[in-house]
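One file, data_11.json, is given below (JSON, C-alpha atoms and all ligand atoms).
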```json
[["chain", "number", "residue", "atom", "x", "y", "z"],
["A", 841, "MET", "CA", 65.47, 7.71, -9.62],
["A", 842, "CYS", "CA", 69.11, 7.14, -10.75],
["A", 843, "LYS", "CA", 71.01, 10.10, -12.15],
["A", 844, "ASP", "CA", 73.71, 10.76, -14.71],
["A", 845, "LYS", "CA", 77.12, 11.30, -13.10],
["A", 846, "GLN", "CA", 80.12, 13.32, -14.25],
["A", 847, "VAL", "CA", 82.90, 11.01, -15.36],
["A", 848, "LYS", "CA", 86.58, 11.49, -16.13],
["A", 849, "ASP", "CA", 88.23, 11.15, -19.56],
["A", 850, "SER", "CA", 89.01, 7.59, -20.67],
["A", 851, "SER", "CA", 91.59, 5.90, -22.89],
["A", 852, "TYR", "CA", 88.83, 5.34, -25.46],
["A", 853, "VAL", "CA", 90.49, 5.44, -28.88],
["A", 854, "LEU", "CA", 87.39, 6.05, -31.04],
["A", 855, "THR", "CA", 84.96, 8.90, -31.64],
["A", 856, "GLU", "CA", 81.63, 9.26, -29.81],
["A", 857, "GLY", "CA", 78.04, 10.30, -30.41],
["A", 858, "ARG", "CA", 76.93, 11.38, -33.88],
["A", 859, "GLU", "CA", 80.47, 10.94, -35.26],
["A", 860, "ALA", "CA", 80.56, 7.30, -34.11],
["A", 861, "LYS", "CA", 77.04, 6.42, -35.28],
["A", 862, "ALA", "CA", 77.88, 5.20, -38.80],
["A", 863, "ARG", "CA", 80.62, 2.85, -37.56],
["A", 864, "LEU", "CA", 78.64, 1.54, -34.58],
["A", 865, "ASP", "CA", 75.60, 0.91, -36.83],
["A", 866, "LEU", "CA", 77.78, -1.06, -39.27],
["A", 867, "LEU", "CA", 79.30, -2.99, -36.37],
["A", 868, "HIS", "CA", 75.79, -3.86, -35.22],
["A", 869, "GLN", "CA", 74.80, -4.92, -38.75],
["A", 870, "LEU", "CA", 77.80, -7.24, -38.73],
["A", 871, "CYS", "CA", 77.49, -8.65, -35.20],
["A", 872, "GLY", "CA", 73.96, -7.79, -33.99],
["A", 873, "ASP", "CA", 72.23, -11.08, -34.90],
["A", 874, "SER", "CA", 75.02, -13.12, -33.34],
["A", 875, "THR", "CA", 75.00, -11.01, -30.17],
["A", 876, "LEU", "CA", 71.23, -11.27, -29.81],
["A", 877, "SER", "CA", 71.21, -15.04, -30.25],
["A", 878, "PHE", "CA", 74.07, -15.24, -27.71],
["A", 879, "TYR", "CA", 71.97, -13.21, -25.23],
["A", 880, "ARG", "CA", 68.90, -15.41, -25.83],
["A", 881, "LYS", "CA", 70.98, -18.56, -25.39],
["A", 882, "ALA", "CA", 72.36, -17.08, -22.16],
["A", 883, "GLY", "CA", 68.77, -16.80, -20.89],
["A", 884, "LEU", "CA", 67.55, -13.29, -21.79],
["A", 885, "LYS", "CA", 63.77, -13.37, -21.87],
["A", 886, "ALA", "CA", 60.56, -11.39, -21.52],
["A", 887, "GLY", "CA", 59.94, -9.67, -18.20],
["A", 888, "MET", "CA", 63.62, -9.47, -17.17],
["A", 889, "ARG", "CA", 65.38, -6.46, -15.68],
["A", 890, "ALA", "CA", 68.56, -6.05, -17.75],
["A", 891, "LEU", "CA", 71.63, -3.81, -17.59],
["A", 892, "ASP", "CA", 73.69, -3.00, -20.72],
["A", 893, "VAL", "CA", 77.11, -1.64, -19.69],
["A", 894, "GLY", "CA", 79.09, 0.54, -22.14],
["A", 895, "CYS", "CA", 75.96, 0.68, -24.31],
["A", 896, "GLY", "CA", 77.40, 3.10, -26.91],
["A", 897, "ILE", "CA", 74.59, 4.51, -29.04],
["A", 898, "GLY", "CA", 72.19, 1.89, -27.65],
["A", 899, "ASN", "CA", 72.04, -0.65, -30.49],
["A", 900, "THR", "CA", 72.31, -3.70, -28.20],
["A", 901, "SER", "CA", 70.12, -2.01, -25.56],
["A", 902, "ILE", "CA", 67.32, -1.65, -28.12],
["A", 903, "ASP", "CA", 67.50, -5.36, -29.06],
["A", 904, "ILE", "CA", 67.46, -6.28, -25.37],
["A", 905, "ALA", "CA", 64.49, -3.97, -24.72],
["A", 906, "ARG", "CA", 62.49, -5.74, -27.46],
["A", 907, "VAL", "CA", 63.17, -9.14, -25.86],
["A", 908, "VAL", "CA", 62.32, -8.13, -22.27],
["A", 909, "GLY", "CA", 59.19, -6.37, -23.58],
["A", 910, "SER", "CA", 56.82, -4.08, -21.79],
["A", 911, "GLU", "CA", 56.88, -6.23, -18.63],
["A", 912, "GLY", "CA", 60.67, -5.92, -18.47],
["A", 913, "GLN", "CA", 63.04, -3.01, -18.11],
["A", 914, "VAL", "CA", 66.51, -2.05, -19.37],
["A", 915, "ALA", "CA", 69.10, 0.23, -17.80],
["A", 916, "ALA", "CA", 71.87, 1.21, -20.23],
["A", 917, "ILE", "CA", 74.97, 3.10, -19.16],
["A", 918, "ASP", "CA", 77.97, 4.62, -20.91],
["A", 919, "ILE", "CA", 80.82, 6.85, -19.76],
["A", 920, "SER", "CA", 80.28, 9.18, -22.72],
["A", 921, "GLU", "CA", 77.60, 11.87, -22.61],
["A", 922, "LYS", "CA", 77.68, 12.05, -26.41],
["A", 923, "GLN", "CA", 76.98, 8.32, -26.75],
["A", 924, "ILE", "CA", 74.10, 8.51, -24.28],
["A", 925, "GLU", "CA", 72.63, 11.51, -26.08],
["A", 926, "GLU", "CA", 72.73, 9.58, -29.37],
["A", 927, "ALA", "CA", 71.41, 6.42, -27.66],
["A", 928, "ARG", "CA", 68.35, 8.31, -26.38],
["A", 929, "LEU", "CA", 67.62, 9.57, -29.93],
["A", 930, "ASN", "CA", 68.18, 6.07, -31.31],
["A", 931, "ALA", "CA", 65.68, 4.50, -28.88],
["A", 932, "GLU", "CA", 63.16, 7.25, -29.62],
["A", 933, "ALA", "CA", 63.53, 6.65, -33.37],
["A", 934, "HIS", "CA", 62.81, 2.94, -32.75],
["A", 935, "GLN", "CA", 59.85, 3.83, -30.50],
["A", 936, "ILE", "CA", 61.40, 2.00, -27.56],
["A", 937, "SER", "CA", 60.38, 3.39, -24.19],
["A", 938, "ASN", "CA", 61.52, 0.75, -21.66],
["A", 939, "ILE", "CA", 65.21, 1.82, -21.50],
["A", 940, "SER", "CA", 66.74, 4.24, -18.99],
["A", 941, "PHE", "CA", 70.00, 5.62, -20.40],
["A", 942, "LEU", "CA", 72.53, 7.00, -17.92],
["A", 943, "VAL", "CA", 76.01, 8.54, -18.11],
["A", 944, "ARG", "CA", 78.08, 6.34, -15.82],
["A", 945, "ASP", "CA", 81.44, 4.67, -15.46],
["A", 946, "ALA", "CA", 81.14, 0.88, -15.70],
["A", 947, "GLY", "CA", 82.57, 0.57, -12.20],
["A", 948, "ASP", "CA", 80.02, 2.95, -10.67],
["A", 949, "ILE", "CA", 76.73, 1.07, -10.94],
["A", 950, "ALA", "CA", 76.05, -0.12, -7.38],
["A", 951, "ASP", "CA", 73.12, 2.28, -6.89],
["A", 952, "LEU", "CA", 71.26, 1.02, -9.97],
["A", 953, "GLY", "CA", 69.82, -1.95, -8.09],
["A", 954, "LYS", "CA", 69.92, -5.65, -8.95],
["A", 955, "PHE", "CA", 69.34, -7.24, -12.36],
["A", 956, "ASP", "CA", 68.41, -10.60, -13.90],
["A", 957, "PHE", "CA", 70.75, -10.03, -16.83],
["A", 958, "VAL", "CA", 73.90, -7.87, -17.04],
["A", 959, "CYS", "CA", 75.85, -7.62, -20.28],
["A", 960, "SER", "CA", 78.51, -5.72, -22.18],
["A", 961, "ARG", "CA", 79.79, -5.84, -25.73],
["A", 962, "PHE", "CA", 83.17, -4.46, -26.88],
["A", 963, "LEU", "CA", 83.59, -2.59, -23.58],
["A", 964, "LEU", "CA", 86.19, -4.41, -21.46],
["A", 965, "ILE", "CA", 88.90, -4.11, -24.16],
["A", 966, "HIS", "CA", 88.75, -0.32, -23.67],
["A", 967, "LEU", "CA", 89.24, -0.37, -19.90],
["A", 968, "LYS", "CA", 92.44, -0.09, -17.89],
["A", 969, "GLU", "CA", 90.87, -2.13, -15.10],
["A", 970, "PRO", "CA", 88.45, -4.49, -16.83],
["A", 971, "MET", "CA", 88.28, -6.87, -13.87],
["A", 972, "SER", "CA", 86.96, -4.22, -11.50],
["A", 973, "ALA", "CA", 84.23, -3.27, -14.02],
["A", 974, "LEU", "CA", 83.36, -6.95, -14.44],
["A", 975, "LYS", "CA", 83.20, -7.37, -10.65],
["A", 976, "ALA", "CA", 80.80, -4.39, -10.44],
["A", 977, "MET", "CA", 78.67, -6.03, -13.15],
["A", 978, "TYR", "CA", 78.68, -9.34, -11.28],
["A", 979, "ASP", "CA", 77.72, -7.57, -8.04],
["A", 980, "ALA", "CA", 74.76, -5.97, -9.85],
["A", 981, "LEU", "CA", 73.25, -9.44, -10.48],
["A", 982, "LEU", "CA", 70.47, -11.07, -8.53],
["A", 983, "LYS", "CA", 71.30, -14.60, -7.34],
["A", 984, "GLY", "CA", 70.91, -16.86, -10.39],
["A", 985, "GLY", "CA", 71.25, -13.85, -12.70],
["A", 986, "VAL", "CA", 73.28, -13.98, -15.93],
["A", 987, "LEU", "CA", 76.51, -12.15, -16.76],
["A", 988, "ALA", "CA", 77.05, -12.12, -20.55],
["A", 989, "CYS", "CA", 80.05, -10.47, -22.23],
["A", 990, "GLU", "CA", 81.37, -10.32, -25.77],
["A", 991, "GLU", "CA", 84.91, -9.16, -26.55],
["A", 992, "PRO", "CA", 87.30, -9.64, -29.46],
["A", 993, "HIS", "CA", 90.73, -11.17, -29.66],
["A", 994, "TRP", "CA", 91.96, -8.34, -31.89],
["A", 995, "SER", "CA", 94.86, -10.10, -33.65],
["A", 996, "ASP", "CA", 92.66, -13.10, -34.66],
["A", 997, "PHE", "CA", 91.77, -11.74, -38.07],
["A", 998, "PHE", "CA", 92.57, -12.84, -41.62],
["A", 999, "SER", "CA", 92.70, -11.21, -45.01],
["A", 1000, "THR", "CA", 92.83, -12.93, -48.39],
["A", 1001, "PRO", "CA", 94.97, -11.92, -50.18],
["A", 1002, "PRO", "CA", 97.02, -10.78, -47.17],
["A", 1003, "SER", "CA", 96.75, -7.03, -46.61],
["A", 1004, "GLU", "CA", 99.75, -5.13, -45.26],
["A", 1005, "ALA", "CA", 97.44, -2.21, -44.43],
["A", 1006, "ILE", "CA", 95.29, -4.40, -42.16],
["A", 1007, "ARG", "CA", 98.43, -5.82, -40.54],
["A", 1008, "SER", "CA", 99.71, -2.27, -39.88],
["A", 1009, "LEU", "CA", 96.43, -1.17, -38.29],
["A", 1010, "ILE", "CA", 96.33, -4.26, -36.06],
["A", 1011, "GLN", "CA", 99.92, -3.56, -34.93],
["A", 1012, "TRP", "CA", 99.27, 0.16, -34.35],
["A", 1013, "GLN", "CA", 96.26, -0.58, -32.19],
["A", 1014, "LEU", "CA", 98.19, -3.19, -30.17],
["A", 1015, "SER", "CA", 100.97, -0.67, -29.67],
["A", 1016, "TYR", "CA", 98.42, 1.96, -28.53],
["A", 1017, "CYS", "CA", 96.95, -0.59, -26.10],
["A", 1018, "GLU", "CA", 100.39, -1.33, -24.65],
["A", 1019, "GLN", "CA", 101.10, 2.37, -24.13],
["A", 1020, "VAL", "CA", 97.80, 3.22, -22.43],
["A", 1021, "GLY", "CA", 97.41, -0.08, -20.55],
["A", 1022, "ILE", "CA", 94.34, -1.61, -22.18],
["A", 1023, "ASN", "CA", 93.96, -5.05, -23.76],
["A", 1024, "PHE", "CA", 92.44, -5.62, -27.21],
["A", 1025, "GLU", "CA", 93.26, -9.33, -26.89],
["A", 1026, "LEU", "CA", 90.98, -9.71, -23.87],
["A", 1027, "GLY", "CA", 88.43, -11.96, -25.62],
["A", 1028, "LYS", "CA", 90.50, -15.07, -24.94],
["A", 1029, "GLU", "CA", 90.75, -14.17, -21.23],
["A", 1030, "LEU", "CA", 87.01, -13.60, -20.67],
["A", 1031, "CYS", "CA", 86.26, -17.15, -19.60],
["A", 1032, "GLY", "CA", 89.03, -17.07, -16.97],
["A", 1033, "MET", "CA", 87.75, -13.70, -15.74],
["A", 1034, "LEU", "CA", 84.25, -15.10, -15.15],
["A", 1035, "GLU", "CA", 85.82, -18.13, -13.41],
["A", 1036, "ALA", "CA", 87.79, -15.77, -11.13],
["A", 1037, "LEU", "CA", 84.48, -14.15, -10.13],
["A", 1038, "LYS", "CA", 83.19, -17.63, -9.25],
["A", 1039, "CYS", "CA", 80.45, -17.53, -11.88],
["A", 1040, "CYS", "CA", 78.93, -20.96, -12.39],
["A", 1041, "SER", "CA", 77.70, -22.80, -15.51],
["A", 1042, "ILE", "CA", 80.07, -20.80, -17.75],
["A", 1043, "VAL", "CA", 79.59, -21.23, -21.51],
["A", 1044, "GLU", "CA", 81.89, -19.84, -24.21],
["A", 1045, "THR", "CA", 81.32, -19.55, -27.95],
["A", 1046, "THR", "CA", 83.19, -17.67, -30.67],
["A", 1047, "PHE", "CA", 82.01, -15.83, -33.73],
["A", 1048, "GLN", "CA", 84.12, -14.53, -36.60],
["A", 1049, "PRO", "CA", 82.39, -12.24, -39.10],
["A", 1050, "VAL", "CA", 83.69, -12.71, -42.65],
["A", 1051, "ILE", "CA", 83.08, -10.13, -45.37],
["A", 1052, "ARG", "CA", 83.74, -10.80, -49.04],
["A", 1053, "GLU", "CA", 81.32, -8.64, -51.05],
["A", 1054, "PRO", "CA", 82.20, -4.93, -51.24],
["A", 1055, "SER", "CA", 79.85, -3.36, -48.71],
["A", 1056, "PRO", "CA", 79.89, -0.51, -46.19],
["A", 1057, "MET", "CA", 80.73, -3.14, -43.53],
["A", 1058, "LYS", "CA", 83.98, -3.92, -45.32],
["A", 1059, "ARG", "CA", 85.00, -0.27, -44.75],
["A", 1060, "MET", "CA", 84.92, -0.58, -40.98],
["A", 1061, "LEU", "CA", 88.69, -0.87, -40.55],
["A", 1062, "ALA", "CA", 89.22, 2.25, -42.67],
["A", 1063, "MET", "CA", 86.73, 4.04, -40.43],
["A", 1064, "PHE", "CA", 88.45, 2.72, -37.31],
["A", 1065, "ALA", "CA", 91.86, 3.95, -38.55],
["A", 1066, "THR", "CA", 90.43, 7.38, -39.40],
["A", 1067, "GLU", "CA", 88.86, 7.74, -35.94],
["A", 1068, "ALA", "CA", 91.97, 6.51, -34.11],
["A", 1069, "ALA", "CA", 94.37, 8.66, -36.17],
["A", 1070, "GLY", "CA", 94.62, 11.48, -33.61],
["A", 1071, "LYS", "CA", 95.57, 9.08, -30.81],
["A", 1072, "TYR", "CA", 98.12, 7.22, -32.98],
["A", 1073, "GLU", "CA", 99.77, 10.54, -33.84],
["A", 1074, "ARG", "CA", 99.74, 11.74, -30.23],
["A", 1075, "TYR", "CA", 101.36, 8.50, -29.02],
["A", 1076, "ARG", "CA", 103.87, 8.60, -31.90],
["A", 1077, "ILE", "CA", 102.66, 5.26, -33.20],
["A", 1078, "ALA", "CA", 102.32, 6.48, -36.79],
["A", 1079, "THR", "CA", 102.59, 9.76, -38.66],
["A", 1080, "ARG", "CA", 99.57, 11.40, -40.30],
["A", 1081, "GLU", "CA", 101.07, 10.51, -43.70],
["A", 1082, "GLU", "CA", 101.43, 6.82, -42.79],
["A", 1083, "ILE", "CA", 97.88, 6.76, -41.44],
["A", 1084, "ASN", "CA", 96.48, 8.42, -44.58],
["A", 1085, "THR", "CA", 98.27, 5.86, -46.78],
["A", 1086, "VAL", "CA", 96.91, 2.96, -44.74],
["A", 1087, "VAL", "CA", 93.38, 4.44, -44.78],
["A", 1088, "GLN", "CA", 93.55, 4.72, -48.59],
["A", 1089, "GLN", "CA", 94.78, 1.12, -48.89],
["A", 1090, "LEU", "CA", 92.03, -0.08, -46.54],
["A", 1091, "GLU", "CA", 89.43, 1.76, -48.64],
["A", 1092, "SER", "CA", 90.72, 0.13, -51.88],
["A", 1093, "TYR", "CA", 90.78, -3.28, -50.20],
["A", 1094, "ALA", "CA", 87.15, -2.76, -49.12],
["A", 1095, "CYS", "CA", 86.04, -1.92, -52.69],
["A", 1096, "ASP", "CA", 87.74, -4.93, -54.23],
["A", 1097, "PRO", "CA", 85.38, -7.91, -54.79],
["A", 1098, "GLU", "CA", 88.38, -10.25, -54.91],
["A", 1099, "THR", "CA", 89.39, -9.58, -51.29],
["A", 1100, "CYS", "CA", 88.01, -11.35, -48.26],
["A", 1101, "PHE", "CA", 88.28, -10.10, -44.73],
["A", 1102, "GLY", "CA", 87.75, -12.10, -41.55],
["A", 1103, "ALA", "CA", 87.26, -9.61, -38.72],
["A", 1104, "SER", "CA", 88.64, -10.23, -35.21],
["A", 1105, "LYS", "CA", 87.23, -13.31, -33.53],
["A", 1106, "GLN", "CA", 84.60, -12.42, -30.92],
["A", 1107, "HIS", "CA", 84.49, -14.42, -27.69],
["A", 1108, "GLN", "CA", 80.98, -14.63, -26.24],
["A", 1109, "VAL", "CA", 80.98, -15.85, -22.65],
["A", 1110, "TYR", "CA", 78.19, -16.09, -20.10],
["A", 1111, "GLY", "CA", 77.90, -17.44, -16.56],
["A", 1112, "LEU", "CA", 75.52, -17.32, -13.64],
["A", 1113, "ARG", "CA", 75.79, -15.71, -10.23],
["A", 1114, "CYS", "CA", 75.57, -18.77, -7.99],
["B", 1201, "LIG", "C1", 83.08, -0.01, -29.05],
["B", 1201, "LIG", "S1", 81.86, 0.84, -28.12],
["B", 1201, "LIG", "C2", 80.64, -0.46, -27.98],
["B", 1201, "LIG", "C3", 79.26, 0.08, -27.77],
["B", 1201, "LIG", "C4", 78.16, -0.96, -27.65],
["B", 1201, "LIG", "N1", 78.37, -1.84, -26.52],
["B", 1201, "LIG", "C5", 78.03, -1.77, -28.91],
["B", 1201, "LIG", "O1", 78.42, -2.93, -28.92],
["B", 1201, "LIG", "O2", 77.54, -1.20, -29.90],
["B", 1201, "LIG", "C6", 82.52, 0.90, -26.47],
["B", 1201, "LIG", "C7", 81.73, 1.81, -25.55],
["B", 1201, "LIG", "O3", 82.27, 1.73, -24.23],
["B", 1201, "LIG", "C8", 82.17, 3.02, -23.64],
["B", 1201, "LIG", "N2", 83.09, 3.10, -22.49],
["B", 1201, "LIG", "C9", 84.44, 3.23, -22.51],
["B", 1201, "LIG", "N3", 84.92, 3.26, -21.26],
["B", 1201, "LIG", "C10", 83.85, 3.15, -20.41],
["B", 1201, "LIG", "C11", 83.68, 3.10, -19.01],
["B", 1201, "LIG", "N4", 84.74, 3.20, -18.17],
["B", 1201, "LIG", "N5", 82.44, 2.98, -18.48],
["B", 1201, "LIG", "C12", 81.36, 2.88, -19.32],
["B", 1201, "LIG", "N6", 81.45, 2.92, -20.66],
["B", 1201, "LIG", "C13", 82.67, 3.04, -21.22],
["B", 1201, "LIG", "C14", 82.51, 3.96, -24.78],
["B", 1201, "LIG", "O4", 82.08, 5.28, -24.53],
["B", 1201, "LIG", "C15", 81.79, 3.29, -25.93],
["B", 1201, "LIG", "O5", 80.50, 3.79, -26.09]]
```
As structure tokens, how would this structure be written, given the file I've shared?
Ligand SMILES: C[S@@+](CC[C@H](N)C(=O)[O-])C[C@H]1O[C@@H](n2cnc3c(N)ncnc32)[C@H](O)[C@@H]1O
Amino acid sequence: MCKDKQVKDSSYVLTEGREAKARLDLLHQLCGDSTLSFYRKAGLKAGMRALDVGCGIGNTSIDIARVVGSEGQVAAIDISEKQIEEARLNAEAHQISNISFLVRDAGDIADLGKFDFVCSRFLLIHLKEPMSALKAMYDALLKGGVLACEEPHWSDFFSTPPSEAIRSLIQWQLSYCEQVGINFELGKELCGMLEALKCCSIVETTFQPVIREPSPMKRMLAMFATEAAGKYERYRIATREEINTVVQQLESYACDPETCFGASKQHQVYGLRC
């Protein structure tokens, strides 16, 4: 039986576990249907053995577990103990019993065995060495297995009317990425990364969620800014006062029925292990 492993601190900018649940649930409300249809199109089906890497609180893992069914099995890993704790509760609440959740670094999965389907969503943008994680994911595939990843191109957003607060947050996050050596623009590079691994039959699609009606989903950027505030201060990207002002402006923008927000474009790419 595979075990949890101790892992070192990461450059992850957001909160984890219970604190992250509201935002991750909203994110899944916004993107979940698109992600699931991407996974089905990539070949996810009943009876498969699947691996969800950087599973967070398990929202995608639960969808995958429903597709693979009782004949299939899901392993779901995350570097954060808090996320895995919350993911286990989440699966229990949904009465899903065919997922094994493990605390693991994305690059440390060789002992988990081989899978028909290996996927990650919004993980690689947080990693300093995304290619080595992707290689570990590729190596975890059976021959003919599917590697399916979804990542944003962070600066591909729009706001109508244009919002200076959104522009500031996008710039702050890009500046944080530059300082810590991660890449929130990775979505556009995903296809090339799968090519470099010699995946075959690569397919790429994009998805851009657009939110007009005031709804909790429209508050996601305000939540992101609030969670990232400590890191932005520590890296001298913005002062607490500047962050508070931007959070307030993002909240007002979210409540205004006249505003329309196009979130970052998501790149969904899958390929096969030849
Ligand atoms: C934005 S969340 C996405 C969670 C989930 N995939 C989803 O779409 O809801 C990114 C997740 O990656 C995890 N993560 C960050 N670095 C990691 C690493 N080196 N290995 C495994 N997981 C990692 C974080 O703890 C976090 O749960």
Please return the centre and edge lengths, in Å to one decimal, of a box with edges along x, y and z that contains all listed atoms of ligand LIG 1201 (chain B), widened by 4 Å on every side, as JSON.
```
{"center_x": 81.2, "center_y": 1.2, "center_z": -24.0, "size_x": 15.4, "size_y": 16.2, "size_z": 19.7}
```
Inset, instruction - Identify, on the basis of only C-alpha atoms, every residue whose closest approach to stretch 935-937 of chain A does not exceed 10 Å; exclude the query and any residue fewer than 4 positions from it along the same chain; express the result as a ChimeraX atom specification. - result: /A:901-903,905-906,909-910,913-914,928-931
Inset, instruction - For each of A:Ala946, A:Ala860, A:Ile904, A:Met1063, take the minimum atom-to-atom distance to ligand LIG 1201 (chain B), counting all atoms listed in the file, then give the residue where this is smallest. - result: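 Of the candidates, the smallest distance to ligand LIG 1201 (chain B) is held by A:Ala946.
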Legend entry - Proximity to ligand LIG 1201 (chain B) - best of A:Phe1064, A:Phe962, A:Tyr1075, A:Tyr1110, all atoms listed in the file: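 So, comparing all the options, the nearest one is A:Phe962.
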Inset, instruction - May I have the residues within 12 Å of A:Asn899 as a PyMOL selection string, using all atoms listed in the file and disregarding those fewer than 3 positions away in the same chain? - result: chain A and resi 861-869+871-873+875-876+892-896+902-906+916+923-924+926-934+936+939+960-961
